[in-house]
Amino acid sequence: MPNDIPKDAAFPVLDRLVVTGANHRTAGQELRDALFIEDSALAPFFDRLTAVGVKDAMILATCDRVEIAAMAVDGDEPEAAARRIRSTLAENAGIAEGLEGAFFTLTGTAATHHLFSIAASLESQVVGEPEVLGQVKEAHRRAAELGHMGAGLDRVLAGALACAKRARSETTIGESAVSIVSAAVQVAREVLGRFDRAEALIVGGAEIGVAVAERLAAEGLAGVTVADPLAPRADALAARLGAHRLEMAELGDKLAGFDILLTGLGSREATVRADDVARALKSRHFRPMFLLDAGIPADVERAVGDIDDAYLFDLHDLERIALRGQESRLAAAAEARAIVDEEVLRFAAAEGGRAAAPAVTELRGHFEDVRANLLREQPGLTADEATRLLVNRLLHAPSRALRDMAAESQEPKGWIARLFGIKPKHDE
């Protein structure tokens, strides 16, 4: 975070903003799981926060974090509000000890910077992951729906979402696959274009294949079928994925019905032969197929990779794609962090202007009253006389205040130049 972000004291909203909780940097998975707040438990948890004096709040509970962004009420110190929030989190989880160092607290511009960074997916375990922005939006929506999103916190979250939009549109932070699973999904999308009409077949229960299938299902995959030489294992996997079952003996004949094939048996003989794939593609009128062979040794004959419209990848292929993605995201993350810094500065400046607006309005009203009183008291003044008297009256109180500041060893010159836009005069 840049050092030139204005101090919080100048901005009432930032003065009251606090973020506290636990995340993957401060707490292990077991503790985060214990602190996790299900969607069905949000309303009663908000009630508990209200009971301890925290009304405006947003609860962000994900695999990576259980954090609460809140606005301390007027007259309440953000740190005091954070202590009550942390106690409420611990009580809700039934945890009385072992929390030393597991919680963190940020206030003011530091808290703003943290929220903007989360939305821009810079605070995730996998930098650039696409899911986090949706999670922030959903947490924002639920807080508003339950009546706990006040105007100040809403402005902070609107700024965070705008920042995330800039990071996504102006950098490539969300475009490169950085894990084997995300690399597989990326390549499958490039091969097939869309998943809502795609059918996948999992042969064997290799975790990587299951993880890819689960990710594809989350992105709208039309259907999943499983096949395994061991019927109990196939039944268990089908139940886990909500999938159909296919007998291994039917594999060659049914292959044409699948757009995605994920294998992980690792048997001594190839399970999927080139002749079967060629015949399947002909039946499909050469609509492409994506094949991921996670078997060691390989389940798919290497000759399949030479067949047009059959896109065969193994784990080594996906590892190379993921490594390139990690390097790309590191560069994009630096650009995104610069955007976050800019947006925090912009937000702080906007809040400063908002905070100053009533004072400026009051000052204008005061000047207008002085002008009206002068003209009412001495209606026959010439323009020269009226302006001279007006200047004297307007500067009377400020001049006295500046003399008092000088007597107290404060430096009034810089304030005068800043308030009235006076440029320094240079000796000729």
# chains A, B, ... in the order shown; residues from 1 in each chain; ligands from 1
call {"tool": "residues_around", "arguments": {"residues": "region 190-196 of chain A", "least_positions_apart": "4", "cutoff": "7 Å", "atoms": "only C-alpha atoms", "output": "list of chain:residue names"}}
result
A:Gln186, A:Gly220, A:Leu221, A:Ala222, A:Pro288, A:Phe290
call {"tool": "residues_around", "arguments": {"residues": "Ala238 (chain A)", "least_positions_apart": "6", "cutoff": "7 Å", "atoms": "only C-alpha atoms", "output": "list in words"}}
result
Val226, His244 and Arg245 of chain A
call {"tool": "residues_around", "arguments": {"residues": "Asn92 (chain A)", "least_positions_apart": "4", "cutoff": "12 Å", "atoms": "only C-alpha atoms", "output": "PDB file with C-alpha atoms, in the first residue's frame"}}
result
ATOM      1  CA  ALA A  34     -14.891 -24.338  12.771  1.00  0.00           C
ATOM      2  CA  LEU A  35     -15.434 -20.594  12.319  1.00  0.00           C
ATOM      3  CA  PHE A  36     -17.309 -21.021   9.031  1.00  0.00           C
ATOM      4  CA  ILE A  37     -20.841 -19.578   8.962  1.00  0.00           C
ATOM      5  CA  GLU A  38     -23.348 -21.358   6.724  1.00  0.00           C
ATOM      6  CA  ALA A  41     -26.910 -19.236   9.893  1.00  0.00           C
ATOM      7  CA  LEU A  42     -26.243 -15.714   8.593  1.00  0.00           C
ATOM      8  CA  PRO A  44     -28.959 -15.267  13.550  1.00  0.00           C
ATOM      9  CA  PHE A  45     -25.269 -14.383  13.413  1.00  0.00           C
ATOM     10  CA  PHE A  46     -26.142 -10.855  12.230  1.00  0.00           C
ATOM     11  CA  ASP A  47     -28.537 -10.658  15.186  1.00  0.00           C
ATOM     12  CA  ARG A  48     -25.651 -11.559  17.518  1.00  0.00           C
ATOM     13  CA  LEU A  49     -23.504  -8.830  15.981  1.00  0.00           C
ATOM     14  CA  ILE A  85     -16.771  -9.185  16.559  1.00  0.00           C
ATOM     15  CA  ARG A  86     -13.927 -11.616  17.304  1.00  0.00           C
ATOM     16  CA  SER A  87     -15.562 -12.685  20.557  1.00  0.00           C
ATOM     17  CA  THR A  88     -18.834 -13.271  18.731  1.00  0.00           C
ATOM     18  CA  ALA A  96     -12.607 -20.827  23.944  1.00  0.00           C
TER      19      ALA A  96
END
call {"tool": "select_by_dssp", "arguments": {"residues": "region 16-265 of chain A", "states": "strand (DSSP E)", "output": "MDAnalysis selection string"}}
result
chainID A and resid 17:23 57:61 65:71 104:107 199:203 223:227 244:245 260:263
